[in-house]
Amino acid sequence: MDKAKILIQLDTDPQPSVFDRVVAVDSGVDHLFSYGNVKPEQVEGMIHGAIFTRAPNELHRTAVFIGGSDVTAGELILAAVKDAFKRAGLRISVMLDSNGSNTTAAAAVRSAVRHMDVGSSQALVLGGTGPVGQRAALLLARNGAHVRIGSRQVQRAETVCQVIRLKVPGAKVEAVPTASSGDGPKALEGRDLVIAAGAAGAVLLPQKIRAGCTTLRVAIDLNAVPPAGIEGIEVFDKAVNREETVCYGAIGVGGTKMKIHRAAINHLFERNDQVLDAEEIYDLALRL
């Protein structure tokens, strides 16, 4: 008989995410061990406790989920988990989704794929230096798109471009400023896809500028808090045609994000050697 499925939630916030806990339960996890305020130096003992309590052929029934609101902190936890695997000589599967960044970015790009050939697209990612924006830009570049990464601080956008080039040799990425009212039309010029992944409460793309872009085919706004990041898109929009552009709002993308999140949790228990980060989660999303 198979052992019970155990998911170990390592959250970098003081209180482990209720959202992530509910999704884990709805994904069929038998036992959920949730820990908050986790630091890298605490990880090894926790991982070794998970590994050395089951036989090697049972380790696919134990997995780790890394969450919390701080993506950088989550990445440090993931690095510590990998180090613990090396020292143990054994491993279990692990998924990183701090602040929902990986599953949200995967859902946004997956939504665009339904309407266009993303590999040949000319894309603009607004808020491209944030956690979701960086991952969306990475996934688009990995698919072959030409990606402009917009930021009020263009040097930060250039840093993101450099990181993507290291991960995706030959990536077609370009940093563009979006600090002034005159920057918007230039950044959007010739683009057929735009994803807005900026901070809540900021209009990144006014409706007048969006309506003036004759090449735009798909617009995706990932901000669920008014005002919309892309003005004129409603939060519940799901493949809604507005000014000849297919539009998605945050909740319109949310259904796909939830499917991806649940599928990724289930996928963790298929083998004991998986690391699900942005690219792996997106590959899984394509199969849904």
# chains A, B, ... in the order shown; residues from 1 in each chain; ligands from 1
$ residues_around --residues "stretch 42-45 of chain A" --least-positions-apart "4" --cutoff "12 Å" --atoms "only C-alpha atoms" --output "number ranges by chain"
A: 8-12, 35-38, 49-52, 64, 66, 74, 76-88, 91
$ write_last_selection --atoms "N, CA, C and O atoms" --output "short mmCIF file (atom, residue, chain, number, x, y, z; two decimals), in the first residue's frame"
data_model
loop_
_atom_site.label_atom_id
_atom_site.label_comp_id
_atom_site.auth_asym_id
_atom_site.auth_seq_id
_atom_site.Cartn_x
_atom_site.Cartn_y
_atom_site.Cartn_z
N ILE A 8 5.23 19.26 2.66
CA ILE A 8 5.85 20.10 3.67
C ILE A 8 5.92 21.53 3.14
O ILE A 8 6.62 21.81 2.16
N GLN A 9 5.15 22.41 3.75
CA GLN A 9 5.06 23.81 3.32
C GLN A 9 6.08 24.64 4.09
O GLN A 9 5.98 24.81 5.30
N LEU A 10 7.08 25.16 3.38
CA LEU A 10 8.09 26.03 3.97
C LEU A 10 7.78 27.46 3.53
O LEU A 10 8.00 27.82 2.37
N ASP A 11 7.25 28.25 4.43
CA ASP A 11 6.81 29.61 4.12
C ASP A 11 7.75 30.61 4.79
O ASP A 11 8.09 30.45 5.96
N THR A 12 8.14 31.62 4.05
CA THR A 12 9.08 32.61 4.60
C THR A 12 8.39 33.69 5.41
O THR A 12 9.05 34.49 6.05
N TYR A 35 5.05 25.31 8.00
CA TYR A 35 6.00 26.00 8.85
C TYR A 35 6.16 27.44 8.35
O TYR A 35 6.33 27.66 7.15
N GLY A 36 6.11 28.38 9.26
CA GLY A 36 6.27 29.79 8.91
C GLY A 36 7.59 30.35 9.38
O GLY A 36 8.27 29.77 10.23
N ASN A 37 7.95 31.51 8.79
CA ASN A 37 9.17 32.23 9.17
C ASN A 37 10.42 31.35 9.00
O ASN A 37 11.36 31.42 9.80
N VAL A 38 10.41 30.53 7.96
CA VAL A 38 11.50 29.59 7.73
C VAL A 38 12.73 30.34 7.20
O VAL A 38 12.64 31.16 6.29
N GLY A 49 14.81 15.31 7.90
CA GLY A 49 13.74 14.63 8.61
C GLY A 49 12.70 14.06 7.67
O GLY A 49 12.11 13.00 7.94
N ALA A 50 12.48 14.75 6.55
CA ALA A 50 11.53 14.27 5.55
C ALA A 50 12.09 13.10 4.75
O ALA A 50 11.35 12.19 4.36
N ILE A 51 13.39 13.11 4.52
CA ILE A 51 14.02 12.10 3.66
C ILE A 51 14.28 10.80 4.40
O ILE A 51 13.98 9.70 3.91
N PHE A 52 14.85 10.89 5.59
CA PHE A 52 15.35 9.70 6.26
C PHE A 52 14.29 8.93 7.04
O PHE A 52 14.61 7.94 7.71
N VAL A 64 7.98 18.98 -1.08
CA VAL A 64 8.16 20.28 -0.43
C VAL A 64 7.55 21.37 -1.30
O VAL A 64 7.73 21.38 -2.52
N ILE A 66 7.53 25.59 -1.41
CA ILE A 66 8.13 26.81 -0.87
C ILE A 66 7.26 27.99 -1.25
O ILE A 66 7.00 28.23 -2.44
N GLY A 74 12.24 33.16 -0.87
CA GLY A 74 11.87 31.82 -1.32
C GLY A 74 12.96 31.17 -2.14
O GLY A 74 13.23 29.97 -2.01
N LEU A 76 16.12 31.68 -1.83
CA LEU A 76 17.17 31.27 -0.89
C LEU A 76 16.81 29.96 -0.21
O LEU A 76 17.67 29.10 0.03
N ILE A 77 15.52 29.78 0.11
CA ILE A 77 15.07 28.52 0.71
C ILE A 77 15.25 27.38 -0.29
O ILE A 77 15.71 26.28 0.06
N LEU A 78 14.91 27.62 -1.55
CA LEU A 78 15.07 26.59 -2.58
C LEU A 78 16.54 26.18 -2.69
O LEU A 78 16.86 24.99 -2.80
N ALA A 79 17.44 27.15 -2.68
CA ALA A 79 18.87 26.85 -2.75
C ALA A 79 19.30 26.00 -1.55
O ALA A 79 20.08 25.05 -1.70
N ALA A 80 18.77 26.32 -0.37
CA ALA A 80 19.11 25.55 0.83
C ALA A 80 18.55 24.14 0.75
O ALA A 80 19.19 23.18 1.21
N VAL A 81 17.36 23.99 0.17
CA VAL A 81 16.77 22.66 -0.01
C VAL A 81 17.65 21.81 -0.93
O VAL A 81 17.95 20.65 -0.65
N LYS A 82 18.11 22.39 -2.03
CA LYS A 82 18.97 21.65 -2.96
C LYS A 82 20.27 21.25 -2.29
O LYS A 82 20.78 20.14 -2.50
N ASP A 83 20.83 22.14 -1.47
CA ASP A 83 22.07 21.82 -0.75
C ASP A 83 21.83 20.66 0.21
O ASP A 83 22.69 19.77 0.36
N ALA A 84 20.67 20.66 0.87
CA ALA A 84 20.35 19.57 1.80
C ALA A 84 20.24 18.24 1.06
O ALA A 84 20.65 17.20 1.59
N PHE A 85 19.70 18.26 -0.14
CA PHE A 85 19.63 17.04 -0.94
C PHE A 85 21.05 16.50 -1.21
O PHE A 85 21.30 15.30 -1.10
N LYS A 86 21.95 17.39 -1.59
CA LYS A 86 23.31 16.97 -1.92
C LYS A 86 23.97 16.30 -0.72
O LYS A 86 24.63 15.26 -0.85
N ARG A 87 23.81 16.89 0.45
CA ARG A 87 24.47 16.35 1.64
C ARG A 87 23.83 15.03 2.07
O ARG A 87 24.49 14.17 2.65
N ALA A 88 22.54 14.88 1.78
CA ALA A 88 21.85 13.65 2.17
C ALA A 88 22.12 12.51 1.19
O ALA A 88 22.06 11.34 1.56
N ARG A 91 16.80 12.62 -2.27
CA ARG A 91 16.02 13.83 -2.53
C ARG A 91 14.54 13.52 -2.60
O ARG A 91 14.12 12.36 -2.74
#
$ closest_atom_pairs --of "stretch 34-147 of chain A" --to "stretch 182-200 of chain A" --cutoff "9 Å" --atoms "only C-alpha atoms" --output "CSV"
residue,atom,partner,partner_atom,distance
A:Ala105,CA,A:Ala197,CA,8.8
A:Ala108,CA,A:Ile195,CA,7.6
A:Val109,CA,A:Ile195,CA,8.6
A:Ala112,CA,A:Leu193,CA,7.8
A:Met116,CA,A:Leu193,CA,8.9
A:Val118,CA,A:Leu193,CA,8.5
A:Ser121,CA,A:Asp192,CA,6.4
A:Gln122,CA,A:Arg191,CA,4.9
A:Ala123,CA,A:Leu193,CA,4.6
A:Leu124,CA,A:Val194,CA,4.7
A:Val125,CA,A:Ile195,CA,4.9
A:Leu126,CA,A:Ala196,CA,4.6
A:Gly127,CA,A:Gly198,CA,3.9
A:Gly128,CA,A:Ala197,CA,6.7
A:Thr129,CA,A:Gly198,CA,8.3
A:Gly130,CA,A:Gly198,CA,6.7
A:Pro131,CA,A:Ala197,CA,8.5
A:Val132,CA,A:Ala197,CA,6.2
A:Gly133,CA,A:Ala197,CA,5.2
A:Gln134,CA,A:Ala197,CA,9.0
A:Ala136,CA,A:Ile195,CA,8.1
$ write_last_selection --atoms "N, CA and C atoms" --output "PDB file, in the first residue's frame"
ATOM      1  N   ALA A 105       2.624  33.662 -13.638  1.00  0.00           N
ATOM      2  CA  ALA A 105       3.315  33.941 -14.905  1.00  0.00           C
ATOM      3  C   ALA A 105       3.021  32.852 -15.926  1.00  0.00           C
ATOM      4  N   ALA A 108      -0.468  33.375 -17.295  1.00  0.00           N
ATOM      5  CA  ALA A 108      -0.563  34.514 -18.211  1.00  0.00           C
ATOM      6  C   ALA A 108      -0.060  34.141 -19.600  1.00  0.00           C
ATOM      7  N   VAL A 109       1.103  33.509 -19.665  1.00  0.00           N
ATOM      8  CA  VAL A 109       1.656  33.131 -20.961  1.00  0.00           C
ATOM      9  C   VAL A 109       0.806  32.041 -21.603  1.00  0.00           C
ATOM     10  N   ALA A 112      -2.097  33.628 -23.326  1.00  0.00           N
ATOM     11  CA  ALA A 112      -1.720  34.249 -24.592  1.00  0.00           C
ATOM     12  C   ALA A 112      -1.575  33.212 -25.699  1.00  0.00           C
ATOM     13  N   MET A 116      -2.485  33.232 -30.025  1.00  0.00           N
ATOM     14  CA  MET A 116      -1.430  33.694 -30.920  1.00  0.00           C
ATOM     15  C   MET A 116      -0.234  32.748 -30.853  1.00  0.00           C
ATOM     16  N   VAL A 118       3.008  32.630 -29.738  1.00  0.00           N
ATOM     17  CA  VAL A 118       3.851  33.412 -28.838  1.00  0.00           C
ATOM     18  C   VAL A 118       5.298  33.410 -29.307  1.00  0.00           C
ATOM     19  N   SER A 121       5.884  36.342 -31.441  1.00  0.00           N
ATOM     20  CA  SER A 121       5.232  37.575 -30.998  1.00  0.00           C
ATOM     21  C   SER A 121       6.241  38.664 -30.647  1.00  0.00           C
ATOM     22  N   GLN A 122       5.723  39.895 -30.655  1.00  0.00           N
ATOM     23  CA  GLN A 122       6.453  41.076 -30.195  1.00  0.00           C
ATOM     24  C   GLN A 122       5.770  41.503 -28.898  1.00  0.00           C
ATOM     25  N   ALA A 123       6.399  41.209 -27.769  1.00  0.00           N
ATOM     26  CA  ALA A 123       5.735  41.348 -26.472  1.00  0.00           C
ATOM     27  C   ALA A 123       6.296  42.520 -25.670  1.00  0.00           C
ATOM     28  N   LEU A 124       5.443  43.037 -24.796  1.00  0.00           N
ATOM     29  CA  LEU A 124       5.834  44.050 -23.823  1.00  0.00           C
ATOM     30  C   LEU A 124       5.358  43.583 -22.463  1.00  0.00           C
ATOM     31  N   VAL A 125       6.275  43.499 -21.501  1.00  0.00           N
ATOM     32  CA  VAL A 125       5.918  43.157 -20.129  1.00  0.00           C
ATOM     33  C   VAL A 125       6.099  44.403 -19.281  1.00  0.00           C
ATOM     34  N   LEU A 126       4.995  44.960 -18.815  1.00  0.00           N
ATOM     35  CA  LEU A 126       5.022  46.128 -17.937  1.00  0.00           C
ATOM     36  C   LEU A 126       5.125  45.656 -16.497  1.00  0.00           C
ATOM     37  N   GLY A 127       5.878  46.395 -15.695  1.00  0.00           N
ATOM     38  CA  GLY A 127       6.173  45.881 -14.365  1.00  0.00           C
ATOM     39  C   GLY A 127       7.090  44.677 -14.476  1.00  0.00           C
ATOM     40  N   GLY A 128       7.950  44.710 -15.459  1.00  0.00           N
ATOM     41  CA  GLY A 128       8.770  43.551 -15.794  1.00  0.00           C
ATOM     42  C   GLY A 128       9.901  43.262 -14.839  1.00  0.00           C
ATOM     43  N   THR A 129      10.110  44.134 -13.843  1.00  0.00           N
ATOM     44  CA  THR A 129      11.170  43.866 -12.869  1.00  0.00           C
ATOM     45  C   THR A 129      10.621  43.242 -11.591  1.00  0.00           C
ATOM     46  N   GLY A 130       9.296  43.113 -11.480  1.00  0.00           N
ATOM     47  CA  GLY A 130       8.695  42.447 -10.335  1.00  0.00           C
ATOM     48  C   GLY A 130       8.757  40.938 -10.492  1.00  0.00           C
ATOM     49  N   PRO A 131       8.396  40.189  -9.437  1.00  0.00           N
ATOM     50  CA  PRO A 131       8.520  38.722  -9.475  1.00  0.00           C
ATOM     51  C   PRO A 131       7.752  38.073 -10.621  1.00  0.00           C
ATOM     52  N   VAL A 132       6.486  38.457 -10.813  1.00  0.00           N
ATOM     53  CA  VAL A 132       5.689  37.853 -11.874  1.00  0.00           C
ATOM     54  C   VAL A 132       6.180  38.323 -13.238  1.00  0.00           C
ATOM     55  N   GLY A 133       6.460  39.615 -13.346  1.00  0.00           N
ATOM     56  CA  GLY A 133       6.923  40.165 -14.610  1.00  0.00           C
ATOM     57  C   GLY A 133       8.212  39.528 -15.092  1.00  0.00           C
ATOM     58  N   GLN A 134       9.156  39.326 -14.177  1.00  0.00           N
ATOM     59  CA  GLN A 134      10.415  38.690 -14.562  1.00  0.00           C
ATOM     60  C   GLN A 134      10.186  37.296 -15.113  1.00  0.00           C
ATOM     61  N   ALA A 136       7.322  36.039 -16.351  1.00  0.00           N
ATOM     62  CA  ALA A 136       6.579  36.089 -17.610  1.00  0.00           C
ATOM     63  C   ALA A 136       7.522  36.421 -18.766  1.00  0.00           C
TER      64      ALA A 136
END
$ closest_atom_pairs --of "stretch 53-163 of chain A" --to "stretch 261-285 of chain A" --cutoff "10 Å" --atoms "only C-alpha atoms" --output "Markdown table"
| residue | atom | partner | partner_atom | distance |
| --- | --- | --- | --- | --- |
| A:Pro56 | CA | A:Asn272 | CA | 9.0 |
| A:Asn57 | CA | A:Asn272 | CA | 8.9 |
| A:Glu58 | CA | A:Asn272 | CA | 8.6 |
| A:Leu59 | CA | A:Asn272 | CA | 5.7 |
| A:His60 | CA | A:Asn272 | CA | 4.2 |
| A:Arg61 | CA | A:Phe269 | CA | 5.5 |
| A:Thr62 | CA | A:Phe269 | CA | 7.0 |
| A:Ala63 | CA | A:Leu268 | CA | 6.3 |
| A:Val64 | CA | A:Leu268 | CA | 8.3 |
| A:Phe65 | CA | A:Ile265 | CA | 8.2 |
| A:Glu75 | CA | A:Asp277 | CA | 9.7 |
| A:Leu78 | CA | A:Val275 | CA | 9.1 |
| A:Lys82 | CA | A:Val275 | CA | 9.1 |
| A:Phe85 | CA | A:Asp273 | CA | 10.0 |
| A:Leu90 | CA | A:Asp273 | CA | 8.9 |
| A:Arg91 | CA | A:Asp273 | CA | 6.2 |
| A:Ile92 | CA | A:Asn272 | CA | 4.3 |
| A:Ser93 | CA | A:Gln274 | CA | 4.5 |
| A:Val94 | CA | A:Val275 | CA | 5.1 |
| A:Met95 | CA | A:Leu276 | CA | 4.5 |
| A:Leu96 | CA | A:Asp277 | CA | 5.5 |
| A:Asp97 | CA | A:Asp277 | CA | 7.4 |
| A:Gly100 | CA | A:His261 | CA | 8.7 |
| A:Ser101 | CA | A:Ala278 | CA | 8.1 |
| A:Asn102 | CA | A:Ala278 | CA | 4.8 |
| A:Thr103 | CA | A:His261 | CA | 6.0 |
| A:Thr104 | CA | A:His261 | CA | 8.8 |
| A:Ala105 | CA | A:Ala278 | CA | 7.7 |
| A:Ala106 | CA | A:Tyr282 | CA | 4.8 |
| A:Ala107 | CA | A:Ala285 | CA | 7.3 |
| A:Ala108 | CA | A:Tyr282 | CA | 9.9 |
| A:Val109 | CA | A:Tyr282 | CA | 8.3 |
| A:Arg110 | CA | A:Ala285 | CA | 6.9 |
| A:Val132 | CA | A:Ala278 | CA | 9.7 |
| A:Arg135 | CA | A:Ala278 | CA | 6.5 |
| A:Ala136 | CA | A:Ala278 | CA | 8.7 |
| A:Leu138 | CA | A:Glu279 | CA | 8.3 |
| A:Leu139 | CA | A:Glu279 | CA | 6.7 |
| A:Arg142 | CA | A:Glu279 | CA | 8.6 |
$ write_last_selection --atoms "C-alpha atoms" --output "mmCIF file, in the first residue's frame"
data_model
loop_
_atom_site.group_PDB
_atom_site.id
_atom_site.type_symbol
_atom_site.label_atom_id
_atom_site.label_comp_id
_atom_site.auth_asym_id
_atom_site.auth_seq_id
_atom_site.Cartn_x
_atom_site.Cartn_y
_atom_site.Cartn_z
ATOM 1 C CA PRO A 56 14.024 5.342 -1.023
ATOM 2 C CA ASN A 57 11.196 3.770 -3.030
ATOM 3 C CA GLU A 58 8.661 5.694 -0.894
ATOM 4 C CA LEU A 59 10.202 9.164 -1.216
ATOM 5 C CA HIS A 60 7.918 10.126 -4.098
ATOM 6 C CA ARG A 61 5.142 10.326 -1.491
ATOM 7 C CA THR A 62 6.841 13.224 0.306
ATOM 8 C CA ALA A 63 7.317 16.665 -1.289
ATOM 9 C CA VAL A 64 8.158 20.280 -0.427
ATOM 10 C CA PHE A 65 6.302 23.484 -1.327
ATOM 11 C CA GLU A 75 14.714 31.414 -3.792
ATOM 12 C CA LEU A 78 15.074 26.585 -2.576
ATOM 13 C CA LYS A 82 18.968 21.655 -2.963
ATOM 14 C CA PHE A 85 19.634 17.040 -0.944
ATOM 15 C CA LEU A 90 18.767 11.466 -1.466
ATOM 16 C CA ARG A 91 16.019 13.830 -2.528
ATOM 17 C CA ILE A 92 12.331 14.558 -2.740
ATOM 18 C CA SER A 93 10.457 16.769 -5.182
ATOM 19 C CA VAL A 94 10.160 20.490 -4.490
ATOM 20 C CA MET A 95 8.100 23.374 -5.916
ATOM 21 C CA LEU A 96 8.766 27.114 -5.634
ATOM 22 C CA ASP A 97 5.804 29.473 -5.929
ATOM 23 C CA GLY A 100 2.218 32.846 -6.676
ATOM 24 C CA SER A 101 4.805 34.233 -9.076
ATOM 25 C CA ASN A 102 5.534 31.069 -11.036
ATOM 26 C CA THR A 103 1.980 29.797 -11.419
ATOM 27 C CA THR A 104 0.660 33.287 -12.259
ATOM 28 C CA ALA A 105 3.315 33.941 -14.905
ATOM 29 C CA ALA A 106 2.733 30.499 -16.404
ATOM 30 C CA ALA A 107 -1.023 31.144 -16.513
ATOM 31 C CA ALA A 108 -0.563 34.514 -18.211
ATOM 32 C CA VAL A 109 1.656 33.131 -20.961
ATOM 33 C CA ARG A 110 -0.564 30.063 -21.314
ATOM 34 C CA VAL A 132 5.689 37.853 -11.874
ATOM 35 C CA ARG A 135 9.069 35.172 -14.888
ATOM 36 C CA ALA A 136 6.579 36.089 -17.610
ATOM 37 C CA LEU A 138 11.584 34.677 -19.101
ATOM 38 C CA LEU A 139 8.871 32.323 -20.345
ATOM 39 C CA ARG A 142 12.238 31.024 -23.839
#
$ select_by_dssp --residues "stretch 46-274 of chain A" --states "strand (DSSP E)" --output "ChimeraX atom specification"
/A:62-67,93-96,122-126,146-151,172-177,193-196,218-221,238-242,245-248
$ residues_around --residues "A:Leu32" --least-positions-apart "5" --cutoff "8 Å" --atoms "only C-alpha atoms" --output "list in words"
Ile6, Leu7, Ile8, Gln9, Arg21, Ala24 and Val25 of chain A
$ select_by_dssp --residues "stretch 98-197 of chain A" --states "alpha helix (DSSP H)" --output "PyMOL selection string"
chain A and resi 101-113+131-142+154-167+183-188
$ closest_residue --among "A:Pro206, A:Pro177, A:Gly254, A:Gly201" --to "A:Ile233" --atoms "only C-alpha atoms"
A:Pro206
$ atom_distance --atom1 "atom CA of A:Val168" --atom2 "atom CA of A:Ala141"
7.3 Å
$ atom_distance --atom1 "atom CA of A:Pro227" --atom2 "atom CA of A:Gln207"
12.0 Å
$ decode --residues "stretch 75-100 of chain A" --atoms "N, CA, C and O atoms" --output "PDB file, in the first residue's frame"
ATOM      1  N   GLU A  75      13.626  31.952  -2.979  1.00  0.00           N
ATOM      2  CA  GLU A  75      14.714  31.414  -3.792  1.00  0.00           C
ATOM      3  C   GLU A  75      15.883  30.960  -2.918  1.00  0.00           C
ATOM      4  O   GLU A  75      16.544  29.958  -3.223  1.00  0.00           O
ATOM      5  N   LEU A  76      16.122  31.680  -1.828  1.00  0.00           N
ATOM      6  CA  LEU A  76      17.172  31.268  -0.894  1.00  0.00           C
ATOM      7  C   LEU A  76      16.806  29.956  -0.206  1.00  0.00           C
ATOM      8  O   LEU A  76      17.672  29.103   0.031  1.00  0.00           O
ATOM      9  N   ILE A  77      15.524  29.781   0.109  1.00  0.00           N
ATOM     10  CA  ILE A  77      15.072  28.517   0.708  1.00  0.00           C
ATOM     11  C   ILE A  77      15.248  27.381  -0.286  1.00  0.00           C
ATOM     12  O   ILE A  77      15.708  26.284   0.062  1.00  0.00           O
ATOM     13  N   LEU A  78      14.905  27.617  -1.554  1.00  0.00           N
ATOM     14  CA  LEU A  78      15.074  26.585  -2.576  1.00  0.00           C
ATOM     15  C   LEU A  78      16.544  26.184  -2.691  1.00  0.00           C
ATOM     16  O   LEU A  78      16.861  24.988  -2.796  1.00  0.00           O
ATOM     17  N   ALA A  79      17.440  27.153  -2.678  1.00  0.00           N
ATOM     18  CA  ALA A  79      18.868  26.847  -2.751  1.00  0.00           C
ATOM     19  C   ALA A  79      19.297  26.000  -1.552  1.00  0.00           C
ATOM     20  O   ALA A  79      20.081  25.049  -1.700  1.00  0.00           O
ATOM     21  N   ALA A  80      18.772  26.321  -0.371  1.00  0.00           N
ATOM     22  CA  ALA A  80      19.108  25.553   0.832  1.00  0.00           C
ATOM     23  C   ALA A  80      18.553  24.139   0.750  1.00  0.00           C
ATOM     24  O   ALA A  80      19.195  23.180   1.207  1.00  0.00           O
ATOM     25  N   VAL A  81      17.362  23.988   0.171  1.00  0.00           N
ATOM     26  CA  VAL A  81      16.772  22.656  -0.009  1.00  0.00           C
ATOM     27  C   VAL A  81      17.651  21.812  -0.927  1.00  0.00           C
ATOM     28  O   VAL A  81      17.950  20.647  -0.646  1.00  0.00           O
ATOM     29  N   LYS A  82      18.108  22.387  -2.027  1.00  0.00           N
ATOM     30  CA  LYS A  82      18.968  21.655  -2.963  1.00  0.00           C
ATOM     31  C   LYS A  82      20.273  21.251  -2.286  1.00  0.00           C
ATOM     32  O   LYS A  82      20.785  20.137  -2.500  1.00  0.00           O
ATOM     33  N   ASP A  83      20.835  22.140  -1.471  1.00  0.00           N
ATOM     34  CA  ASP A  83      22.067  21.819  -0.750  1.00  0.00           C
ATOM     35  C   ASP A  83      21.832  20.661   0.210  1.00  0.00           C
ATOM     36  O   ASP A  83      22.690  19.774   0.364  1.00  0.00           O
ATOM     37  N   ALA A  84      20.667  20.663   0.867  1.00  0.00           N
ATOM     38  CA  ALA A  84      20.349  19.574   1.798  1.00  0.00           C
ATOM     39  C   ALA A  84      20.236  18.241   1.064  1.00  0.00           C
ATOM     40  O   ALA A  84      20.647  17.198   1.588  1.00  0.00           O
ATOM     41  N   PHE A  85      19.704  18.264  -0.143  1.00  0.00           N
ATOM     42  CA  PHE A  85      19.634  17.040  -0.944  1.00  0.00           C
ATOM     43  C   PHE A  85      21.046  16.495  -1.215  1.00  0.00           C
ATOM     44  O   PHE A  85      21.297  15.299  -1.100  1.00  0.00           O
ATOM     45  N   LYS A  86      21.951  17.389  -1.592  1.00  0.00           N
ATOM     46  CA  LYS A  86      23.310  16.965  -1.922  1.00  0.00           C
ATOM     47  C   LYS A  86      23.970  16.301  -0.722  1.00  0.00           C
ATOM     48  O   LYS A  86      24.634  15.259  -0.850  1.00  0.00           O
ATOM     49  N   ARG A  87      23.814  16.892   0.454  1.00  0.00           N
ATOM     50  CA  ARG A  87      24.468  16.347   1.636  1.00  0.00           C
ATOM     51  C   ARG A  87      23.825  15.031   2.072  1.00  0.00           C
ATOM     52  O   ARG A  87      24.494  14.170   2.652  1.00  0.00           O
ATOM     53  N   ALA A  88      22.544  14.881   1.779  1.00  0.00           N
ATOM     54  CA  ALA A  88      21.855  13.646   2.168  1.00  0.00           C
ATOM     55  C   ALA A  88      22.118  12.505   1.187  1.00  0.00           C
ATOM     56  O   ALA A  88      22.062  11.340   1.558  1.00  0.00           O
ATOM     57  N   GLY A  89      22.396  12.860  -0.053  1.00  0.00           N
ATOM     58  CA  GLY A  89      22.546  11.830  -1.075  1.00  0.00           C
ATOM     59  C   GLY A  89      21.217  11.258  -1.536  1.00  0.00           C
ATOM     60  O   GLY A  89      21.176  10.300  -2.311  1.00  0.00           O
ATOM     61  N   LEU A  90      20.128  11.835  -1.079  1.00  0.00           N
ATOM     62  CA  LEU A  90      18.767  11.466  -1.466  1.00  0.00           C
ATOM     63  C   LEU A  90      17.977  12.750  -1.659  1.00  0.00           C
ATOM     64  O   LEU A  90      18.387  13.830  -1.220  1.00  0.00           O
ATOM     65  N   ARG A  91      16.802  12.621  -2.275  1.00  0.00           N
ATOM     66  CA  ARG A  91      16.019  13.830  -2.528  1.00  0.00           C
ATOM     67  C   ARG A  91      14.542  13.523  -2.596  1.00  0.00           C
ATOM     68  O   ARG A  91      14.122  12.363  -2.737  1.00  0.00           O
ATOM     69  N   ILE A  92      13.761  14.596  -2.502  1.00  0.00           N
ATOM     70  CA  ILE A  92      12.331  14.558  -2.740  1.00  0.00           C
ATOM     71  C   ILE A  92      11.996  15.715  -3.668  1.00  0.00           C
ATOM     72  O   ILE A  92      12.816  16.612  -3.877  1.00  0.00           O
ATOM     73  N   SER A  93      10.825  15.710  -4.240  1.00  0.00           N
ATOM     74  CA  SER A  93      10.457  16.769  -5.182  1.00  0.00           C
ATOM     75  C   SER A  93      10.110  18.052  -4.440  1.00  0.00           C
ATOM     76  O   SER A  93       9.604  18.030  -3.316  1.00  0.00           O
ATOM     77  N   VAL A  94      10.364  19.175  -5.106  1.00  0.00           N
ATOM     78  CA  VAL A  94      10.160  20.490  -4.490  1.00  0.00           C
ATOM     79  C   VAL A  94       9.595  21.462  -5.525  1.00  0.00           C
ATOM     80  O   VAL A  94       9.943  21.406  -6.705  1.00  0.00           O
ATOM     81  N   MET A  95       8.729  22.354  -5.055  1.00  0.00           N
ATOM     82  CA  MET A  95       8.100  23.374  -5.916  1.00  0.00           C
ATOM     83  C   MET A  95       8.272  24.744  -5.276  1.00  0.00           C
ATOM     84  O   MET A  95       8.062  24.921  -4.072  1.00  0.00           O
ATOM     85  N   LEU A  96       8.665  25.725  -6.075  1.00  0.00           N
ATOM     86  CA  LEU A  96       8.766  27.114  -5.634  1.00  0.00           C
ATOM     87  C   LEU A  96       7.633  27.920  -6.254  1.00  0.00           C
ATOM     88  O   LEU A  96       7.469  27.931  -7.474  1.00  0.00           O
ATOM     89  N   ASP A  97       6.858  28.587  -5.407  1.00  0.00           N
ATOM     90  CA  ASP A  97       5.804  29.473  -5.929  1.00  0.00           C
ATOM     91  C   ASP A  97       5.564  30.629  -4.964  1.00  0.00           C
ATOM     92  O   ASP A  97       4.424  30.957  -4.639  1.00  0.00           O
ATOM     93  N   SER A  98       6.632  31.266  -4.514  1.00  0.00           N
ATOM     94  CA  SER A  98       6.510  32.411  -3.619  1.00  0.00           C
ATOM     95  C   SER A  98       5.653  33.495  -4.250  1.00  0.00           C
ATOM     96  O   SER A  98       5.865  33.881  -5.398  1.00  0.00           O
ATOM     97  N   ASN A  99       4.668  33.955  -3.491  1.00  0.00           N
ATOM     98  CA  ASN A  99       3.749  35.009  -3.944  1.00  0.00           C
ATOM     99  C   ASN A  99       3.004  34.611  -5.214  1.00  0.00           C
ATOM    100  O   ASN A  99       2.510  35.469  -5.946  1.00  0.00           O
ATOM    101  N   GLY A 100       2.916  33.318  -5.480  1.00  0.00           N
ATOM    102  CA  GLY A 100       2.218  32.846  -6.676  1.00  0.00           C
ATOM    103  C   GLY A 100       2.881  33.240  -7.974  1.00  0.00           C
ATOM    104  O   GLY A 100       2.262  33.167  -9.052  1.00  0.00           O
TER     105      GLY A 100
END
